[in-house]
file target.cif (mmCIF, C-alpha atoms)
data_run
#
loop_
_atom_site.label_atom_id
_atom_site.label_comp_id
_atom_site.auth_asym_id
_atom_site.auth_seq_id
_atom_site.Cartn_x
_atom_site.Cartn_y
_atom_site.Cartn_z
CA MET A 1 61.57 15.87 62.73
CA ILE A 2 62.41 12.98 65.04
CA LYS A 3 65.29 13.77 67.41
CA PRO A 4 66.68 10.42 68.57
CA ARG A 5 68.67 10.13 71.75
CA ALA A 6 72.18 8.75 71.47
CA ARG A 7 72.90 5.38 73.02
CA GLU A 8 75.53 5.27 75.73
CA GLY A 9 77.39 2.40 77.34
CA ALA A 10 78.14 -1.10 76.20
CA TYR A 11 75.66 -3.87 75.60
CA GLU A 12 76.23 -7.39 76.80
CA ARG A 13 77.26 -9.36 73.74
CA GLY A 14 75.89 -12.69 72.59
CA ARG A 15 77.82 -15.92 72.14
CA PRO A 16 80.73 -15.45 69.65
CA GLY A 17 79.51 -18.08 67.18
CA GLN A 18 75.97 -16.71 67.13
CA ARG A 19 77.26 -13.14 66.86
CA VAL A 20 79.38 -13.90 63.79
CA ARG A 21 76.54 -15.76 62.03
CA VAL A 22 73.97 -13.01 62.63
CA ALA A 23 76.48 -10.30 61.65
CA ARG A 24 77.23 -11.97 58.33
CA ALA A 25 73.53 -12.34 57.59
CA GLY A 26 72.85 -8.68 58.30
CA ARG A 27 75.64 -7.50 56.02
CA ARG A 28 74.57 -9.77 53.15
CA LEU A 29 70.94 -8.71 53.37
CA MET A 30 71.91 -5.04 53.52
CA ALA A 31 73.88 -5.48 50.31
CA GLY A 32 70.74 -6.90 48.73
CA ALA A 33 68.78 -3.89 49.96
CA LEU A 34 71.05 -1.42 48.20
CA LEU A 35 70.94 -3.40 44.95
CA ALA A 36 67.15 -3.58 45.11
CA ALA A 37 66.83 0.16 45.62
CA ILE A 38 69.16 0.90 42.72
CA ALA A 39 67.33 -1.54 40.45
CA LEU A 40 63.92 -0.07 41.23
CA ALA A 41 65.13 3.50 40.87
CA GLY A 42 66.38 2.67 37.41
CA CYS A 43 63.00 1.31 36.39
CA GLY A 44 61.08 4.52 37.07
CA PRO A 45 57.89 4.84 39.16
CA GLU A 46 55.48 3.98 36.37
CA VAL A 47 56.43 0.29 36.33
CA VAL A 48 56.07 -0.33 40.05
CA THR A 49 53.04 -2.54 40.64
CA THR A 50 52.00 -5.15 43.17
CA SER A 51 49.09 -7.39 44.06
CA ALA A 52 47.34 -8.02 47.35
CA PRO A 53 49.49 -9.93 49.88
CA THR A 54 49.20 -13.69 49.53
CA THR A 55 51.19 -16.59 50.90
CA LYS A 56 53.42 -18.43 48.45
CA PRO A 57 53.52 -22.00 49.83
CA GLY A 58 55.37 -23.29 46.79
CA GLY A 59 57.49 -20.22 46.25
CA PRO A 60 61.18 -19.51 46.79
CA THR A 61 62.91 -20.29 50.08
CA ILE A 62 65.81 -18.83 52.02
CA GLY A 63 68.68 -20.99 53.18
CA PRO A 64 69.77 -24.59 52.64
CA PRO A 65 67.49 -27.64 52.43
CA PRO A 66 66.42 -29.17 55.75
CA THR A 67 68.97 -31.43 57.39
CA ALA A 68 68.38 -35.17 57.44
CA ASN A 69 66.92 -35.03 60.94
CA GLY A 70 64.68 -32.10 60.03
CA SER A 71 66.38 -29.69 62.46
CA LEU A 72 66.50 -26.83 59.93
CA THR A 73 63.44 -25.66 58.03
CA PRO A 74 63.92 -23.30 55.07
CA ILE A 75 62.40 -19.85 55.33
CA THR A 76 59.57 -18.98 52.96
CA ILE A 77 58.93 -15.66 51.25
CA ASP A 78 55.57 -14.88 52.85
CA THR A 79 53.86 -11.80 51.42
CA THR A 80 51.22 -11.83 54.17
CA LEU A 81 53.91 -10.10 56.23
CA LEU A 82 53.36 -7.02 54.06
CA ALA A 83 50.20 -6.48 56.11
CA VAL A 84 52.25 -4.89 58.91
CA LEU A 85 53.56 -2.20 56.56
CA PRO A 86 51.77 0.93 55.33
CA ARG A 87 50.52 0.76 51.75
CA GLU A 88 52.32 3.97 50.82
CA ILE A 89 54.95 6.38 52.13
CA ASP A 90 54.08 10.04 51.59
CA SER A 91 51.86 9.06 48.63
CA ILE A 92 54.55 6.77 47.11
CA PRO A 93 53.43 3.09 46.90
CA LEU A 94 55.34 0.67 49.10
CA VAL A 95 55.56 -2.55 47.08
CA GLU A 96 57.10 -5.98 47.35
CA SER A 97 60.71 -6.14 46.17
CA PRO A 98 61.64 -9.47 44.54
CA GLU A 99 65.10 -8.02 43.90
CA GLY A 100 65.61 -7.46 47.61
CA GLU A 101 64.33 -10.92 48.43
CA SER A 102 66.58 -12.68 45.92
CA ASP A 103 69.71 -12.08 48.00
CA ALA A 104 67.97 -13.28 51.15
CA MET A 105 66.97 -16.49 49.40
CA THR A 106 70.58 -17.68 49.44
CA ASP A 107 71.20 -16.83 53.09
CA THR A 108 72.07 -19.74 55.39
CA VAL A 109 71.68 -17.91 58.70
CA LEU A 110 68.08 -16.69 58.63
CA PRO A 111 66.64 -20.22 59.02
CA THR A 112 68.28 -20.35 62.45
CA ILE A 113 66.34 -17.33 63.73
CA ALA A 114 63.29 -16.98 61.48
CA THR A 115 60.54 -18.82 59.62
CA ALA A 116 59.53 -16.29 56.93
CA ALA A 117 60.46 -12.95 55.40
CA VAL A 118 59.44 -10.41 52.78
CA ALA A 119 61.02 -7.25 51.34
CA ALA A 120 59.44 -4.03 50.09
CA VAL A 121 60.57 -0.72 48.64
CA ALA A 122 59.22 2.76 47.93
CA VAL A 123 61.11 5.08 45.59
CA ASP A 124 60.37 8.58 44.34
CA THR A 125 62.82 8.98 41.47
CA SER A 126 61.89 12.63 41.00
CA THR A 127 63.28 13.57 44.42
CA ASN A 128 65.68 10.67 45.12
CA ASP A 129 63.77 9.66 48.24
CA LEU A 130 63.63 5.94 48.97
CA VAL A 131 63.11 3.36 51.67
CA TYR A 132 63.83 -0.37 51.59
CA VAL A 133 62.39 -2.59 54.32
CA LEU A 134 62.79 -6.23 55.31
CA VAL A 135 60.12 -7.87 57.49
CA VAL A 136 61.12 -11.11 59.24
CA ARG A 137 58.93 -13.51 61.19
CA LEU A 138 61.13 -14.81 64.00
CA LYS A 139 61.24 -18.22 65.57
CA SER A 140 59.91 -18.30 69.11
CA GLY A 141 62.54 -18.18 71.83
CA VAL A 142 65.68 -17.80 69.69
CA PHE A 143 65.90 -14.03 69.12
CA THR A 144 67.31 -12.15 72.12
CA GLU A 145 68.38 -8.61 72.95
CA ASN A 146 71.97 -9.61 72.18
CA THR A 147 70.98 -11.07 68.83
CA PHE A 148 69.00 -7.93 68.02
CA ARG A 149 72.01 -5.73 68.83
CA ASP A 150 74.31 -7.83 66.65
CA TRP A 151 71.78 -7.73 63.81
CA ARG A 152 71.52 -3.93 63.98
CA ASP A 153 75.26 -3.41 64.10
CA SER A 154 75.80 -5.72 61.14
CA TYR A 155 72.98 -4.24 59.06
CA ASP A 156 74.24 -0.72 59.72
CA GLU A 157 77.78 -1.68 58.75
CA GLY A 158 76.48 -2.97 55.43
CA ALA A 159 74.36 0.13 54.84
CA CYS A 160 77.21 2.48 55.60
CA LEU A 161 79.71 0.51 53.48
CA GLY A 162 81.97 -0.27 56.41
CA VAL A 163 81.99 0.16 60.17
CA SER A 164 84.21 3.27 59.90
CA ASN A 165 81.39 5.01 58.03
CA VAL A 166 78.82 4.46 60.78
CA LEU A 167 78.60 7.92 62.32
CA ASP A 168 76.01 7.41 65.05
CA HIS A 169 73.60 5.04 66.76
CA ALA A 170 70.52 6.30 68.55
CA ASP A 171 67.06 5.19 69.59
CA THR A 172 63.71 6.88 70.02
CA ASN A 173 59.97 6.26 69.99
CA VAL A 174 58.30 6.65 66.59
CA GLY A 175 54.55 6.37 66.97
CA THR A 176 53.96 3.41 69.28
CA HIS A 177 57.22 1.64 68.46
CA HIS A 178 60.72 1.89 69.89
CA VAL A 179 63.09 2.37 66.96
CA PHE A 180 66.87 2.11 66.74
CA ILE A 181 68.41 4.46 64.17
CA GLY A 182 71.83 4.35 62.53
CA THR A 183 73.37 7.23 60.59
CA CYS A 184 75.92 6.76 57.80
CA ALA A 185 78.55 9.07 56.40
CA ASN A 186 76.90 8.66 52.98
CA GLY A 187 73.67 10.24 54.29
CA LEU A 188 71.69 7.00 54.52
CA ARG A 189 69.90 6.05 57.73
CA THR A 190 68.78 2.70 59.06
CA TYR A 191 65.75 1.91 61.23
CA HIS A 192 65.09 -1.20 63.30
CA THR A 193 62.20 -2.27 65.50
CA TRP A 194 61.42 -5.62 67.12
CA LEU A 195 57.73 -6.35 67.64
CA GLU A 196 58.45 -8.83 70.39
CA ASP A 197 54.83 -9.72 71.12
CA LYS A 198 54.33 -10.63 67.45
CA GLN A 199 57.81 -12.12 66.93
CA ILE A 200 58.41 -9.80 63.96
CA LEU A 201 61.63 -7.94 63.13
CA ILE A 202 61.53 -4.91 60.82
CA SER A 203 64.71 -3.35 59.43
CA ALA A 204 64.78 -0.52 56.91
CA SER A 205 67.25 1.74 55.13
CA SER A 206 66.30 5.16 53.81
CA THR A 207 67.72 8.24 52.16
CA GLY A 208 66.27 11.57 51.09
CA THR A 209 64.96 14.70 52.75
CA ARG A 210 61.40 13.41 53.22
CA GLU A 211 62.52 10.87 55.84
CA PHE A 212 60.72 7.86 54.38
CA GLY A 213 62.23 5.68 57.12
CA VAL A 214 60.65 7.70 59.89
CA LEU A 215 57.32 7.80 58.05
CA LEU A 216 57.45 4.03 57.58
CA MET A 217 58.05 3.30 61.26
CA GLY A 218 55.40 5.80 62.29
CA THR A 219 52.68 4.21 60.17
CA LEU A 220 53.23 0.49 60.77
CA ARG A 221 49.90 -1.35 60.83
CA THR A 222 50.43 -3.22 64.09
#
call {"tool": "encode", "arguments": {"input": "target.cif", "output": "C-alpha coordinates"}}
result
Amino acid sequence: MIKPRAREGAYERGRPGQRVRVARAGRRLMAGALLAAIALAGCGPEVVTTSAPTTKPGGPTIGPPPTANGSLTPITIDTTLLAVLPREIDSIPLVESPEGESDAMTDTVLPTIATAAVAAVAVDTSTNDLVYVLVVRLKSGVFTENTFRDWRDSYDEGACLGVSNVLDHADTNVGTHHVFIGTCANGLRTYHTWLEDKQILISASSTGTREFGVLLMGTLRT
(Lines of atoms letter the chains of each structure in order from A and count residues from 1; the text may use other names and numbers.)
(Lines give C-alpha, C1' and ligand atoms only; values in the text may rest on other atoms or scores of the structure.)
Protein backbone atom coordinates (compact mmCIF):
# COMPACT_ATOMS: atom_id res chain seq x y z
CA MET A 1 0.00 0.00 0.00
CA ILE A 2 1.27 3.47 -0.87
CA LYS A 3 2.02 5.59 2.20
CA PRO A 4 1.97 9.22 1.06
CA ARG A 5 3.73 11.91 3.01
CA ALA A 6 1.64 14.80 4.25
CA ARG A 7 2.25 18.21 2.75
CA GLU A 8 3.31 20.96 5.13
CA GLY A 9 3.48 24.71 4.74
CA ALA A 10 1.72 27.11 2.44
CA TYR A 11 2.09 27.35 -1.30
CA GLU A 12 2.45 30.63 -3.10
CA ARG A 13 -0.92 31.34 -4.65
CA GLY A 14 -1.64 32.38 -8.21
CA ARG A 15 -3.34 35.56 -9.36
CA PRO A 16 -6.85 35.89 -7.81
CA GLY A 17 -8.70 35.98 -11.13
CA GLN A 18 -6.88 32.94 -12.48
CA ARG A 19 -7.32 31.10 -9.18
CA VAL A 20 -11.10 31.58 -9.17
CA ARG A 21 -11.46 30.48 -12.82
CA VAL A 22 -9.39 27.32 -12.39
CA ALA A 23 -11.14 26.48 -9.10
CA ARG A 24 -14.57 26.71 -10.69
CA ALA A 25 -13.46 24.50 -13.57
CA GLY A 26 -12.10 21.84 -11.22
CA ARG A 27 -15.30 21.69 -9.18
CA ARG A 28 -17.53 21.46 -12.27
CA LEU A 29 -15.46 18.69 -13.82
CA MET A 30 -15.38 16.76 -10.55
CA ALA A 31 -19.18 16.88 -10.45
CA GLY A 32 -19.18 15.38 -13.93
CA ALA A 33 -16.82 12.65 -12.75
CA LEU A 34 -19.17 11.52 -10.00
CA LEU A 35 -22.16 11.48 -12.35
CA ALA A 36 -20.21 9.47 -14.90
CA ALA A 37 -19.18 6.88 -12.33
CA ILE A 38 -22.74 6.52 -11.07
CA ALA A 39 -24.10 6.20 -14.60
CA LEU A 40 -21.61 3.51 -15.58
CA ALA A 41 -22.09 1.58 -12.35
CA GLY A 42 -25.80 1.44 -13.07
CA CYS A 43 -25.20 -0.01 -16.51
CA GLY A 44 -23.31 -3.08 -15.31
CA PRO A 45 -19.92 -4.29 -16.59
CA GLU A 46 -21.27 -6.27 -19.53
CA VAL A 47 -22.19 -3.16 -21.53
CA VAL A 48 -18.86 -1.38 -21.20
CA THR A 49 -17.13 -1.36 -24.58
CA THR A 50 -14.73 0.91 -26.42
CA SER A 51 -12.80 1.14 -29.66
CA ALA A 52 -9.17 1.94 -30.36
CA PRO A 53 -8.24 5.58 -29.63
CA THR A 54 -8.83 7.88 -32.57
CA THR A 55 -8.94 11.64 -32.96
CA LYS A 56 -12.36 13.19 -33.47
CA PRO A 57 -11.61 16.32 -35.55
CA GLY A 58 -15.29 17.02 -36.09
CA GLY A 59 -16.43 15.90 -32.67
CA PRO A 60 -17.67 17.79 -29.62
CA THR A 61 -15.75 20.70 -28.15
CA ILE A 62 -15.30 22.19 -24.70
CA GLY A 63 -15.94 25.85 -24.04
CA PRO A 64 -17.34 28.77 -26.03
CA PRO A 65 -16.76 29.48 -29.74
CA PRO A 66 -13.54 31.31 -30.61
CA THR A 67 -13.61 35.06 -30.11
CA ALA A 68 -13.71 37.34 -33.13
CA ASN A 69 -9.95 37.85 -33.03
CA GLY A 70 -9.32 34.12 -32.67
CA SER A 71 -7.76 34.45 -29.19
CA LEU A 72 -9.69 31.47 -27.77
CA THR A 73 -9.72 28.08 -29.45
CA PRO A 74 -12.25 25.48 -28.28
CA ILE A 75 -10.90 22.29 -26.75
CA THR A 76 -11.48 19.05 -28.62
CA ILE A 77 -12.27 15.65 -27.16
CA ASP A 78 -9.17 13.81 -28.36
CA THR A 79 -9.23 10.07 -27.68
CA THR A 80 -5.58 9.70 -28.68
CA LEU A 81 -4.89 10.93 -25.14
CA LEU A 82 -6.15 7.55 -23.90
CA ALA A 83 -2.79 6.19 -25.03
CA VAL A 84 -1.17 7.44 -21.81
CA LEU A 85 -3.54 5.35 -19.69
CA PRO A 86 -3.37 1.61 -18.97
CA ARG A 87 -5.90 -0.49 -20.88
CA GLU A 88 -7.21 -2.06 -17.68
CA ILE A 89 -7.07 -1.67 -13.91
CA ASP A 90 -6.70 -4.95 -12.02
CA SER A 91 -8.31 -6.80 -14.97
CA ILE A 92 -11.18 -4.27 -15.25
CA PRO A 93 -11.24 -2.44 -18.64
CA LEU A 94 -10.54 1.27 -18.52
CA VAL A 95 -12.77 2.81 -21.20
CA GLU A 96 -13.66 6.20 -22.55
CA SER A 97 -16.46 7.93 -20.63
CA PRO A 98 -18.71 10.12 -22.82
CA GLU A 99 -20.77 10.85 -19.71
CA GLY A 100 -17.73 12.31 -17.98
CA GLU A 101 -16.80 14.32 -21.04
CA SER A 102 -20.26 15.81 -21.49
CA ASP A 103 -19.91 18.09 -18.47
CA ALA A 104 -16.47 19.22 -19.60
CA MET A 105 -17.87 20.14 -23.00
CA THR A 106 -19.72 23.09 -21.47
CA ASP A 107 -16.76 24.39 -19.48
CA THR A 108 -15.52 27.88 -20.35
CA VAL A 109 -12.24 27.76 -18.42
CA LEU A 110 -10.43 24.78 -19.92
CA PRO A 111 -9.79 26.57 -23.24
CA THR A 112 -7.62 29.05 -21.34
CA ILE A 113 -5.23 26.34 -20.12
CA ALA A 114 -5.67 23.38 -22.47
CA THR A 115 -6.16 22.28 -26.07
CA ALA A 116 -7.71 18.81 -25.67
CA ALA A 117 -9.11 16.38 -23.12
CA VAL A 118 -10.60 12.92 -22.69
CA ALA A 119 -12.25 11.05 -19.81
CA ALA A 120 -12.20 7.36 -18.90
CA VAL A 121 -13.63 5.11 -16.21
CA ALA A 122 -13.20 1.59 -14.82
CA VAL A 123 -15.87 0.10 -12.58
CA ASP A 124 -16.20 -3.29 -10.92
CA THR A 125 -19.83 -3.34 -9.82
CA SER A 126 -19.38 -6.62 -7.97
CA THR A 127 -16.97 -5.04 -5.47
CA ASN A 128 -17.86 -1.32 -5.77
CA ASP A 129 -14.34 -0.43 -6.89
CA LEU A 130 -14.07 2.39 -9.41
CA VAL A 131 -11.77 5.00 -10.85
CA TYR A 132 -12.61 7.99 -13.05
CA VAL A 133 -9.80 9.84 -14.82
CA LEU A 134 -9.55 13.03 -16.86
CA VAL A 135 -6.55 13.52 -19.17
CA VAL A 136 -5.89 17.08 -20.34
CA ARG A 137 -3.41 18.30 -22.94
CA LEU A 138 -2.18 21.66 -21.66
CA LYS A 139 -1.26 24.76 -23.58
CA SER A 140 2.44 25.51 -23.54
CA GLY A 141 3.54 28.09 -21.01
CA VAL A 142 0.21 28.77 -19.27
CA PHE A 143 0.04 26.03 -16.61
CA THR A 144 2.17 26.80 -13.55
CA GLU A 145 2.77 25.30 -10.12
CA ASN A 146 0.26 27.77 -8.69
CA THR A 147 -2.34 26.81 -11.29
CA PHE A 148 -1.72 23.13 -10.57
CA ARG A 149 -2.22 23.69 -6.83
CA ASP A 150 -5.48 25.59 -7.41
CA TRP A 151 -6.70 22.85 -9.76
CA ARG A 152 -5.99 20.12 -7.19
CA ASP A 153 -7.64 22.00 -4.35
CA SER A 154 -10.73 22.68 -6.44
CA TYR A 155 -11.00 19.14 -7.79
CA ASP A 156 -10.64 17.70 -4.29
CA GLU A 157 -13.30 20.03 -2.93
CA GLY A 158 -15.70 18.78 -5.59
CA ALA A 159 -14.83 15.14 -4.94
CA CYS A 160 -15.28 15.49 -1.21
CA LEU A 161 -18.56 17.43 -1.55
CA GLY A 162 -17.20 20.51 0.16
CA VAL A 163 -13.90 21.79 1.50
CA SER A 164 -14.86 20.81 5.08
CA ASN A 165 -14.91 17.17 3.97
CA VAL A 166 -11.35 17.21 2.64
CA LEU A 167 -9.50 15.31 5.36
CA ASP A 168 -5.95 15.29 4.06
CA HIS A 169 -3.56 16.25 1.27
CA ALA A 170 -0.37 14.32 0.64
CA ASP A 171 2.08 13.51 -2.12
CA THR A 172 4.26 10.55 -2.99
CA ASN A 173 5.97 8.80 -5.88
CA VAL A 174 3.89 6.13 -7.61
CA GLY A 175 5.99 4.30 -10.15
CA THR A 176 7.95 6.98 -12.01
CA HIS A 177 5.45 9.78 -11.35
CA HIS A 178 5.03 12.24 -8.51
CA VAL A 179 1.40 12.06 -7.42
CA PHE A 180 -0.66 14.36 -5.19
CA ILE A 181 -3.36 12.55 -3.22
CA GLY A 182 -6.46 13.93 -1.52
CA THR A 183 -8.55 12.02 1.01
CA CYS A 184 -12.26 12.67 1.57
CA ALA A 185 -14.49 12.01 4.55
CA ASN A 186 -16.70 9.90 2.25
CA GLY A 187 -13.83 7.47 1.62
CA LEU A 188 -13.04 8.66 -1.90
CA ARG A 189 -9.49 9.61 -2.87
CA THR A 190 -8.18 11.86 -5.62
CA TYR A 191 -4.92 11.55 -7.56
CA HIS A 192 -3.15 14.19 -9.63
CA THR A 193 0.03 14.17 -11.68
CA TRP A 194 1.43 16.72 -14.12
CA LEU A 195 3.58 15.30 -16.91
CA GLU A 196 5.34 18.60 -17.45
CA ASP A 197 7.62 17.41 -20.24
CA LYS A 198 4.58 16.22 -22.21
CA GLN A 199 2.27 19.07 -21.13
CA ILE A 200 -0.33 16.56 -19.90
CA LEU A 201 -2.40 16.80 -16.71
CA ILE A 202 -4.00 13.66 -15.25
CA SER A 203 -6.58 13.86 -12.45
CA ALA A 204 -8.47 10.87 -11.09
CA SER A 205 -10.95 9.99 -8.36
CA SER A 206 -11.25 6.51 -6.91
CA THR A 207 -13.02 4.50 -4.26
CA GLY A 208 -12.86 0.88 -3.14
CA THR A 209 -10.43 -1.37 -1.32
CA ARG A 210 -8.45 -2.35 -4.42
CA GLU A 211 -7.01 1.17 -4.78
CA PHE A 212 -7.75 1.61 -8.48
CA GLY A 213 -6.35 5.15 -8.30
CA VAL A 214 -2.94 3.98 -7.15
CA LEU A 215 -2.92 1.20 -9.75
CA LEU A 216 -3.82 3.70 -12.46
CA MET A 217 -1.01 6.10 -11.59
CA GLY A 218 1.46 3.24 -11.27
CA THR A 219 0.75 1.88 -14.74
CA LEU A 220 0.58 5.04 -16.86
CA ARG A 221 2.04 4.40 -20.32
CA THR A 222 4.40 7.38 -20.41
call {"tool": "resolve_selection", "arguments": {"input": "target.cif", "expression": "the PyMOL selection byres ((chain A and resi 132) around 6)", "output": "list in words"}}
result
Ala120, Val121, Val131, Val133, Ala204 and Ser205 of chain A
call {"tool": "atom_distance", "arguments": {"input": "target.cif", "atom1": "CA of Val136 (chain A)", "atom2": "CA of Asn165 (chain A)"}}
result
25.9 Å
call {"tool": "atom_distance", "arguments": {"input": "target.cif", "atom1": "CA of Arg149 (chain A)", "atom2": "CA of Leu195 (chain A)"}}
result
14.3 Å
call {"tool": "residues_around", "arguments": {"input": "target.cif", "residues": "Leu216 (chain A)", "least_positions_apart": "5", "cutoff": "10 Å", "atoms": "only C-alpha atoms", "output": "VMD selection string"}}
result
chain A and resid 85 to 90 94 122 131 to 133 174 191 204 206 211 221
call {"tool": "residues_around", "arguments": {"input": "target.cif", "residues": "Ser140 (chain A)", "least_positions_apart": "2", "cutoff": "7 Å", "atoms": "all atoms listed in the file", "output": "JSON, numbers by chain"}}
result
{"A": [138, 142, 199]}
call {"tool": "resolve_selection", "arguments": {"input": "target.cif", "expression": "the PyMOL selection byres ((chain A and resi 128) around 9)", "output": "CSV table (one decimal) with C-alpha atoms, in the frame of the given file"}}
result
chain,number,residue,atom,x,y,z
A,41,ALA,CA,65.1,3.5,40.9
A,123,VAL,CA,61.1,5.1,45.6
A,124,ASP,CA,60.4,8.6,44.3
A,125,THR,CA,62.8,9.0,41.5
A,126,SER,CA,61.9,12.6,41.0
A,127,THR,CA,63.3,13.6,44.4
A,129,ASP,CA,63.8,9.7,48.2
A,130,LEU,CA,63.6,5.9,49.0
A,207,THR,CA,67.7,8.2,52.2
A,208,GLY,CA,66.3,11.6,51.1
A,209,THR,CA,65.0,14.7,52.8
call {"tool": "resolve_selection", "arguments": {"input": "target.cif", "expression": "the PyMOL selection byres ((chain A and resi 98) around 10)", "output": "ChimeraX atom specification"}}
result
/A:36,77,95-97,99-104,118-121
call {"tool": "closest_residue", "arguments": {"input": "target.cif", "among": "A:Thr190, A:Thr176, A:Thr73, A:Ser154", "to": "Leu110 (chain A)", "atoms": "only C-alpha atoms"}}
result
A:Thr73
call {"tool": "closest_residue", "arguments": {"input": "target.cif", "among": "A:Asp78, A:Thr183, A:Thr115, A:Asp156", "to": "Arg137 (chain A)", "atoms": "all atoms listed in the file"}}
result
A:Thr115
call {"tool": "closest_residue", "arguments": {"input": "target.cif", "among": "A:Gly218, A:Glu157, A:Gly175, A:Lys139", "to": "Arg189 (chain A)", "atoms": "only C-alpha atoms"}}
result
A:Glu157
call {"tool": "atom_distance", "arguments": {"input": "target.cif", "atom1": "CA of Asn173 (chain A)", "atom2": "CA of Arg210 (chain A)"}}
result
18.3 Å
call {"tool": "closest_residue", "arguments": {"input": "target.cif", "among": "A:Ile200, A:Leu82, A:Val135, A:Ile92", "to": "Leu215 (chain A)", "atoms": "all atoms listed in the file"}}
result
A:Ile92
call {"tool": "build_atoms", "arguments": {"input": "target.cif", "residues": "region 135-148 of chain A", "atoms": "N, CA and C atoms", "output": "PDB file, in the coordinates of the input"}}
result
ATOM      1  N   VAL A 135      60.962  -7.408  56.379  1.00  0.00           N
ATOM      2  CA  VAL A 135      60.120  -7.870  57.490  1.00  0.00           C
ATOM      3  C   VAL A 135      60.396  -9.353  57.699  1.00  0.00           C
ATOM      4  N   VAL A 136      60.736  -9.734  58.919  1.00  0.00           N
ATOM      5  CA  VAL A 136      61.120 -11.110  59.240  1.00  0.00           C
ATOM      6  C   VAL A 136      60.231 -11.644  60.345  1.00  0.00           C
ATOM      7  N   ARG A 137      59.662 -12.834  60.118  1.00  0.00           N
ATOM      8  CA  ARG A 137      58.930 -13.510  61.190  1.00  0.00           C
ATOM      9  C   ARG A 137      59.909 -14.415  61.938  1.00  0.00           C
ATOM     10  N   LEU A 138      60.116 -14.127  63.206  1.00  0.00           N
ATOM     11  CA  LEU A 138      61.130 -14.810  64.000  1.00  0.00           C
ATOM     12  C   LEU A 138      60.622 -16.108  64.603  1.00  0.00           C
ATOM     13  N   LYS A 139      61.563 -17.006  64.828  1.00  0.00           N
ATOM     14  CA  LYS A 139      61.240 -18.220  65.570  1.00  0.00           C
ATOM     15  C   LYS A 139      61.044 -17.859  67.049  1.00  0.00           C
ATOM     16  N   SER A 140      60.173 -18.559  67.703  1.00  0.00           N
ATOM     17  CA  SER A 140      59.910 -18.300  69.110  1.00  0.00           C
ATOM     18  C   SER A 140      61.098 -18.735  69.967  1.00  0.00           C
ATOM     19  N   GLY A 141      61.547 -17.827  70.841  1.00  0.00           N
ATOM     20  CA  GLY A 141      62.540 -18.180  71.830  1.00  0.00           C
ATOM     21  C   GLY A 141      63.989 -18.159  71.395  1.00  0.00           C
ATOM     22  N   VAL A 142      64.291 -17.773  70.154  1.00  0.00           N
ATOM     23  CA  VAL A 142      65.680 -17.800  69.690  1.00  0.00           C
ATOM     24  C   VAL A 142      66.269 -16.408  69.470  1.00  0.00           C
ATOM     25  N   PHE A 143      65.425 -15.384  69.379  1.00  0.00           N
ATOM     26  CA  PHE A 143      65.900 -14.030  69.120  1.00  0.00           C
ATOM     27  C   PHE A 143      65.932 -13.281  70.453  1.00  0.00           C
ATOM     28  N   THR A 144      67.113 -12.806  70.840  1.00  0.00           N
ATOM     29  CA  THR A 144      67.310 -12.150  72.120  1.00  0.00           C
ATOM     30  C   THR A 144      67.758 -10.705  71.927  1.00  0.00           C
ATOM     31  N   GLU A 145      67.875  -9.977  73.024  1.00  0.00           N
ATOM     32  CA  GLU A 145      68.380  -8.610  72.950  1.00  0.00           C
ATOM     33  C   GLU A 145      69.789  -8.579  72.358  1.00  0.00           C
ATOM     34  N   ASN A 146      70.610  -9.552  72.728  1.00  0.00           N
ATOM     35  CA  ASN A 146      71.970  -9.610  72.180  1.00  0.00           C
ATOM     36  C   ASN A 146      71.944  -9.856  70.677  1.00  0.00           C
ATOM     37  N   THR A 147      71.090 -10.787  70.252  1.00  0.00           N
ATOM     38  CA  THR A 147      70.980 -11.070  68.830  1.00  0.00           C
ATOM     39  C   THR A 147      70.493  -9.843  68.076  1.00  0.00           C
ATOM     40  N   PHE A 148      69.541  -9.135  68.641  1.00  0.00           N
ATOM     41  CA  PHE A 148      69.000  -7.930  68.020  1.00  0.00           C
ATOM     42  C   PHE A 148      70.102  -6.871  67.866  1.00  0.00           C
TER      43      PHE A 148
END
